[in-house]
$ cat my_file_31.txt   # compact mmCIF, C-alpha atoms
# COMPACT_ATOMS: atom_id res chain seq x y z
CA MET A 332 -19.60 9.52 4.12
CA PRO A 333 -16.96 8.28 1.65
CA LEU A 334 -16.34 4.55 1.52
CA ALA A 335 -13.01 2.68 1.34
CA ILE A 336 -13.44 -0.92 0.16
CA PHE A 337 -10.52 -3.20 0.98
CA ASP A 338 -9.42 -6.47 -0.52
CA LEU A 339 -8.26 -8.94 2.14
CA ASP A 340 -5.37 -11.25 1.18
CA GLY A 341 -2.34 -9.23 0.10
CA THR A 342 -4.00 -5.93 1.02
CA LEU A 343 -5.26 -5.90 4.60
CA VAL A 344 -3.32 -8.95 5.72
CA ASP A 345 -0.29 -10.99 4.72
CA SER A 346 -2.03 -14.36 4.60
CA ALA A 347 0.27 -16.21 2.21
CA PRO A 348 2.05 -18.13 5.03
CA ASP A 349 -1.21 -19.63 6.34
CA LEU A 350 -2.52 -20.32 2.84
CA ARG A 351 0.74 -22.04 2.04
CA ALA A 352 0.58 -24.13 5.23
CA ALA A 353 -2.99 -25.27 4.52
CA LEU A 354 -2.20 -25.98 0.88
CA ASN A 355 0.91 -27.98 1.76
CA ARG A 356 -1.01 -30.05 4.31
CA LEU A 357 -3.39 -30.97 1.51
CA MET A 358 -0.51 -31.64 -0.88
CA ALA A 359 1.13 -33.94 1.67
CA ALA A 360 -2.13 -35.87 2.09
CA GLN A 361 -2.22 -36.26 -1.69
CA ALA A 362 1.42 -37.42 -1.84
CA GLU A 363 2.44 -34.30 -3.74
CA ALA A 364 5.46 -32.02 -3.25
CA PRO A 365 4.96 -28.84 -1.17
CA PHE A 366 4.96 -25.32 -2.56
CA ALA A 367 7.36 -22.51 -1.71
CA LEU A 368 5.91 -19.28 -0.33
CA PRO A 369 6.51 -17.17 -3.49
CA ASP A 370 4.72 -19.79 -5.58
CA VAL A 371 1.67 -19.69 -3.32
CA ALA A 372 1.63 -15.88 -3.23
CA ALA A 373 1.53 -15.86 -7.03
CA MET A 374 -1.58 -18.07 -6.98
CA ILE A 375 -3.59 -15.91 -4.53
CA GLY A 376 -6.41 -13.63 -5.64
CA ASP A 377 -9.12 -15.70 -7.29
CA GLY A 378 -10.47 -17.54 -4.24
CA ALA A 379 -9.80 -20.86 -2.51
CA ARG A 380 -11.07 -23.14 -5.27
CA ALA A 381 -8.98 -21.35 -7.90
CA LEU A 382 -5.93 -21.65 -5.64
CA LEU A 383 -6.36 -25.41 -5.49
CA VAL A 384 -6.97 -25.70 -9.23
CA LYS A 385 -3.74 -23.80 -9.91
CA ALA A 386 -1.83 -25.88 -7.37
CA PHE A 387 -2.96 -29.23 -8.72
CA ASN A 388 -2.40 -28.11 -12.30
CA ALA A 389 1.15 -27.17 -11.29
CA ARG A 390 1.61 -30.76 -10.16
CA GLY A 391 0.22 -32.11 -13.42
CA ARG A 392 -3.11 -33.12 -11.91
CA SER A 393 -6.70 -32.03 -12.25
CA PHE A 394 -8.43 -30.78 -9.12
CA ASP A 395 -10.90 -33.07 -7.35
CA GLU A 396 -13.85 -31.00 -6.11
CA ALA A 397 -14.27 -33.38 -3.18
CA LEU A 398 -11.09 -31.92 -1.65
CA LEU A 399 -12.46 -28.37 -1.37
CA PRO A 400 -14.63 -28.72 1.80
CA GLY A 401 -11.77 -30.19 3.81
CA PHE A 402 -9.39 -27.48 2.64
CA LEU A 403 -11.87 -24.75 3.58
CA GLU A 404 -12.38 -26.31 7.01
CA ASP A 405 -8.62 -26.40 7.58
CA LEU A 406 -8.23 -22.84 6.33
CA GLU A 407 -11.00 -21.49 8.54
CA ALA A 408 -9.60 -23.20 11.62
CA ASN A 409 -6.02 -22.09 10.96
CA SER A 410 -6.42 -18.79 9.14
CA ALA A 411 -4.72 -16.63 11.80
CA VAL A 412 -1.79 -18.80 12.89
CA LEU A 413 0.77 -16.93 10.79
CA THR A 414 -1.39 -14.26 9.14
CA ARG A 415 -1.01 -10.69 10.38
CA PRO A 416 -2.18 -7.24 9.26
CA TYR A 417 0.45 -5.46 7.21
CA PRO A 418 2.57 -3.02 9.23
CA GLY A 419 0.76 0.28 9.55
CA MET A 420 -2.59 -1.11 8.41
CA VAL A 421 -4.48 -0.86 11.71
CA ALA A 422 -3.30 2.73 12.20
CA ALA A 423 -4.38 3.53 8.63
CA LEU A 424 -7.86 2.10 9.24
CA GLU A 425 -8.18 4.14 12.42
CA ALA A 426 -7.00 7.30 10.68
CA LEU A 427 -9.45 6.86 7.82
CA ALA A 428 -12.33 6.28 10.24
CA ALA A 429 -11.32 9.42 12.16
CA ARG A 430 -11.51 11.38 8.90
CA GLY A 431 -15.07 10.18 8.27
CA TRP A 432 -14.48 7.21 5.99
CA ARG A 433 -16.65 4.11 6.23
CA LEU A 434 -14.74 0.88 5.65
CA ALA A 435 -15.74 -2.40 3.99
CA VAL A 436 -14.13 -5.63 2.78
CA CYS A 437 -14.66 -7.20 -0.64
CA THR A 438 -12.66 -10.41 -1.03
CA ASN A 439 -12.76 -13.56 -3.13
CA LYS A 440 -11.93 -15.57 -0.01
CA PRO A 441 -14.95 -17.58 1.25
CA ILE A 442 -17.01 -15.57 3.71
CA ALA A 443 -16.74 -18.02 6.62
CA ALA A 444 -12.93 -18.01 6.49
CA THR A 445 -12.95 -14.23 6.00
CA ARG A 446 -15.09 -13.58 9.06
CA ALA A 447 -13.07 -16.02 11.17
CA LEU A 448 -9.83 -14.31 10.17
CA LEU A 449 -11.07 -10.76 10.75
CA ALA A 450 -12.45 -11.74 14.16
CA GLU A 451 -9.28 -13.55 15.22
CA LEU A 452 -7.09 -10.59 14.27
CA GLY A 453 -9.41 -8.07 15.91
CA LEU A 454 -10.11 -6.32 12.61
CA ALA A 455 -13.84 -7.05 12.32
CA PRO A 456 -15.05 -3.95 14.25
CA HIS A 457 -13.45 -1.66 11.67
CA PHE A 458 -15.76 -2.73 8.85
CA ALA A 459 -19.38 -1.80 8.20
CA LEU A 460 -19.82 -4.61 5.66
CA VAL A 461 -17.86 -7.69 4.61
CA LEU A 462 -18.54 -9.63 1.39
CA GLY A 463 -16.71 -12.86 0.57
CA GLY A 464 -16.29 -14.74 -2.66
CA ASP A 465 -19.43 -16.78 -1.99
CA SER A 466 -21.57 -13.94 -0.59
CA LEU A 467 -23.04 -13.15 -4.02
CA PRO A 468 -23.51 -15.09 -7.27
CA MET A 469 -20.46 -13.29 -8.67
CA LYS A 470 -17.00 -12.33 -7.40
CA LYS A 471 -14.17 -10.06 -8.49
CA PRO A 472 -13.24 -9.19 -11.23
CA ASP A 473 -17.01 -9.05 -11.84
CA PRO A 474 -18.00 -5.48 -10.90
CA GLY A 475 -21.18 -6.87 -9.37
CA HIS A 476 -19.12 -7.87 -6.34
CA VAL A 477 -18.10 -4.27 -5.70
CA ARG A 478 -21.60 -3.04 -6.53
CA GLY A 479 -22.89 -5.40 -3.86
CA VAL A 480 -20.86 -3.49 -1.28
CA LEU A 481 -22.11 -0.15 -2.58
CA GLU A 482 -25.72 -1.29 -2.53
CA GLY A 483 -25.36 -2.90 0.89
CA LEU A 484 -24.22 0.39 2.39
CA GLY A 485 -26.20 2.76 0.19
CA VAL A 486 -23.09 4.49 -1.20
CA ALA A 487 -22.72 5.95 -4.69
CA ALA A 488 -19.80 4.76 -6.82
CA ALA A 489 -18.44 8.30 -6.98
CA ASP A 490 -18.07 8.32 -3.20
CA ALA A 491 -16.10 5.05 -2.98
CA VAL A 492 -12.61 3.73 -3.61
CA MET A 493 -11.40 0.13 -3.96
CA ILE A 494 -8.01 -0.73 -2.45
CA GLY A 495 -6.40 -3.96 -3.59
CA ASP A 496 -3.23 -5.69 -4.75
CA HIS A 497 -4.64 -7.69 -7.67
CA GLN A 498 -5.95 -7.10 -11.18
CA ASN A 499 -9.26 -8.53 -9.97
CA ASP A 500 -9.62 -5.53 -7.64
CA ILE A 501 -8.69 -2.97 -10.28
CA ARG A 502 -10.95 -4.47 -12.96
CA ALA A 503 -13.90 -4.85 -10.59
CA ALA A 504 -13.51 -1.26 -9.41
CA ARG A 505 -13.31 0.09 -12.95
CA GLY A 506 -16.40 -1.85 -14.00
CA ALA A 507 -18.33 -0.54 -11.01
CA GLY A 508 -17.28 3.07 -11.64
CA VAL A 509 -15.18 3.18 -8.48
CA ARG A 510 -11.66 4.63 -8.18
CA SER A 511 -8.97 2.04 -7.59
CA VAL A 512 -5.87 2.17 -5.41
CA PHE A 513 -3.14 -0.39 -5.98
CA ALA A 514 -1.73 -1.82 -2.74
CA ALA A 515 1.91 -2.01 -3.82
CA TRP A 516 2.91 -4.03 -0.73
CA GLY A 517 0.81 -7.03 -1.78
CA TYR A 518 1.09 -10.00 -4.12
CA GLY A 519 -0.17 -8.77 -7.48
CA ASP A 520 -0.07 -6.36 -10.39
CA GLY A 521 -1.27 -2.76 -10.26
CA ALA A 522 -1.50 -1.99 -13.98
CA GLY A 523 -4.38 0.36 -14.69
CA ALA A 524 -5.00 1.50 -11.13
CA ASP A 525 -6.04 5.11 -10.61
CA LEU A 526 -3.71 5.59 -7.64
CA ILE A 527 -0.81 3.70 -6.07
CA ALA A 528 -0.12 3.41 -2.34
CA ALA A 529 3.42 2.32 -1.50
CA THR A 530 2.56 1.37 2.08
CA PRO A 531 -0.58 1.13 4.25
CA SER A 532 0.61 4.20 6.12
CA ALA A 533 0.31 6.23 2.90
CA LEU A 534 -3.42 5.58 2.55
CA PRO A 535 -4.89 8.33 4.77
CA ALA A 536 -2.97 11.13 3.04
CA LEU A 537 -3.57 9.60 -0.40
CA LEU A 538 -7.32 9.34 0.08
CA GLY A 539 -7.65 12.64 1.90
$ encode --input "my_file_31.txt" --output "structure tokens"
Amino acid sequence: MPLAIFDLDGTLVDSAPDLRAALNRLMAAQAEAPFALPDVAAMIGDGARALLVKAFNARGRSFDEALLPGFLEDLEANSAVLTRPYPGMVAALEALAARGWRLAVCTNKPIAATRALLAELGLAPHFALVLGGDSLPMKKPDPGHVRGVLEGLGVAAADAVMIGDHQNDIRAARGAGVRSVFAAWGYGDGAGADLIAATPSALPALLG
């Protein structure tokens, strides 16, 4: 069975509003100015810690590691308040499954928050395997993150495709010998991707 590996934030779901809300709660507690939604979307893709590092650097401060656990707790508890699957995504997942595709998630988001979000949105049953940014010693763009999915499901690289909206997804896929599909509806840059999907609804026909 072929395997479609999905990124989470900016690919499966539009999570920027909840990430922004959690980040701005932390900023308020630190007496710092809030961030606008486009600014937060531009910082997504490298995981929660990297998001905070970028945010504090933008405010002229270094990030205090002691703030990370509280942010993750807030994010896990409030990950599905505003976050929703992109329009057409659930139908695309169902169509791919009907055509014989297995589905997996490979995200730099921490695994606890990832599982909580997928469960809350009812997406968890679609996926045979989910790996977060702390599931392995490495994360995207390290190809070992994608290889972890392949090994976990016993799938050859030639039988898999990585779908994501970020350079981390494209670089990790290339390094693992997996085709990449740029999710053009997301937050990032698709330079170098093997294929481009304009909308989630285009995925079933694109992948075949």
$ closest_atom_pairs --input "my_file_31.txt" --of "stretch 422-512 of chain A" --to "stretch 367-385 of chain A" --cutoff "8 Å" --atoms "all atoms listed in the file" --output "tab-separated table"
residue	atom	partner	partner_atom	distance
A:Asn439	CA	A:Gly378	CA	4.7
A:Lys440	CA	A:Gly378	CA	4.9
A:Pro441	CA	A:Gly378	CA	7.1
A:Gly464	CA	A:Gly378	CA	6.6
A:Lys471	CA	A:Asp377	CA	7.7
A:His497	CA	A:Gly376	CA	6.5
A:Asn499	CA	A:Gly376	CA	7.3
$ residues_around --input "my_file_31.txt" --residues "A:Glu482" --least-positions-apart "5" --cutoff "12 Å" --atoms "only C-alpha atoms" --output "PyMOL selection string"
chain A and resi 334+435+460+462+475-477+487-488+491+507
$ closest_atom_pairs --input "my_file_31.txt" --of "stretch 433-496 of chain A" --to "stretch 409-427 of chain A" --cutoff "8 Å" --atoms "only C-alpha atoms" --output "JSON lines"
{"residue": "A:Arg433", "atom": "CA", "partner": "A:Leu427", "partner_atom": "CA", "distance": 7.9}
{"residue": "A:Leu434", "atom": "CA", "partner": "A:Leu424", "partner_atom": "CA", "distance": 7.9}
{"residue": "A:Ala444", "atom": "CA", "partner": "A:Ser410", "partner_atom": "CA", "distance": 7.1}
{"residue": "A:Ala447", "atom": "CA", "partner": "A:Ser410", "partner_atom": "CA", "distance": 7.5}
{"residue": "A:Leu448", "atom": "CA", "partner": "A:Ser410", "partner_atom": "CA", "distance": 5.7}
{"residue": "A:Glu451", "atom": "CA", "partner": "A:Ala411", "partner_atom": "CA", "distance": 6.5}
{"residue": "A:Leu452", "atom": "CA", "partner": "A:Ala411", "partner_atom": "CA", "distance": 6.9}
{"residue": "A:Leu454", "atom": "CA", "partner": "A:Val421", "partner_atom": "CA", "distance": 7.9}
{"residue": "A:His457", "atom": "CA", "partner": "A:Leu424", "partner_atom": "CA", "distance": 7.2}
$ atom_distance --input "my_file_31.txt" --atom1 "atom CA of A:Phe402" --atom2 "atom CA of A:Gly517"
23.3 Å
$ atom_distance --input "my_file_31.txt" --atom1 "atom CA of A:Ala335" --atom2 "atom CA of A:Met493"
6.1 Å
$ axis_aligned_box --input "my_file_31.txt" --around "stretch 402-409 of chain A" --padding-each-side "4 Å" --output "lines of an AutoDock Vina configuration file"
center_x = -9.2
center_y = -24.5
center_z = 7.1
size_x = 14.4
size_y = 14.0
size_z = 17.0
$ atom_distance --input "my_file_31.txt" --atom1 "atom CA of A:Ala515" --atom2 "atom CA of A:Ala529"
5.1 Å
$ residues_near_point --input "my_file_31.txt" --point "(-2.8, -8.4, -1.0)" --cutoff "8 Å" --atoms "only C-alpha atoms" --output "PyMOL selection string"
chain A and resi 338-345+376+495-497+514+516-519
$ residues_around --input "my_file_31.txt" --residues "A:Asp405" --least-positions-apart "4" --cutoff "10 Å" --atoms "all atoms listed in the file" --output "compact mmCIF listing (two decimals) with C-alpha atoms, keeping the file's coordinate frame"
# COMPACT_ATOMS: atom_id res chain seq x y z
CA LEU A 350 -2.52 -20.32 2.84
CA ALA A 352 0.58 -24.13 5.23
CA ALA A 353 -2.99 -25.27 4.52
CA LEU A 354 -2.20 -25.98 0.88
CA ARG A 356 -1.01 -30.05 4.31
CA LEU A 357 -3.39 -30.97 1.51
CA LEU A 399 -12.46 -28.37 -1.37
CA PRO A 400 -14.63 -28.72 1.80
CA GLY A 401 -11.77 -30.19 3.81
CA ASN A 409 -6.02 -22.09 10.96
CA SER A 410 -6.42 -18.79 9.14
CA ALA A 444 -12.93 -18.01 6.49
$ closest_residue --input "my_file_31.txt" --among "A:Ala503, A:Ala386, A:Val492, A:Ala450" --to "A:Met469" --atoms "all atoms listed in the file"
A:Ala503
$ closest_residue --input "my_file_31.txt" --among "A:Pro468, A:Gly463, A:Gly485, A:Gly508" --to "A:Pro333" --atoms "all atoms listed in the file"
A:Gly485
$ closest_residue --input "my_file_31.txt" --among "A:Pro348, A:Gly479, A:Pro531, A:Pro472" --to "A:Ala504" --atoms "only C-alpha atoms"
A:Pro472
$ closest_residue --input "my_file_31.txt" --among "A:Val509, A:Arg478, A:Arg502, A:Pro535" --to "A:Asp490" --atoms "only C-alpha atoms"
A:Val509
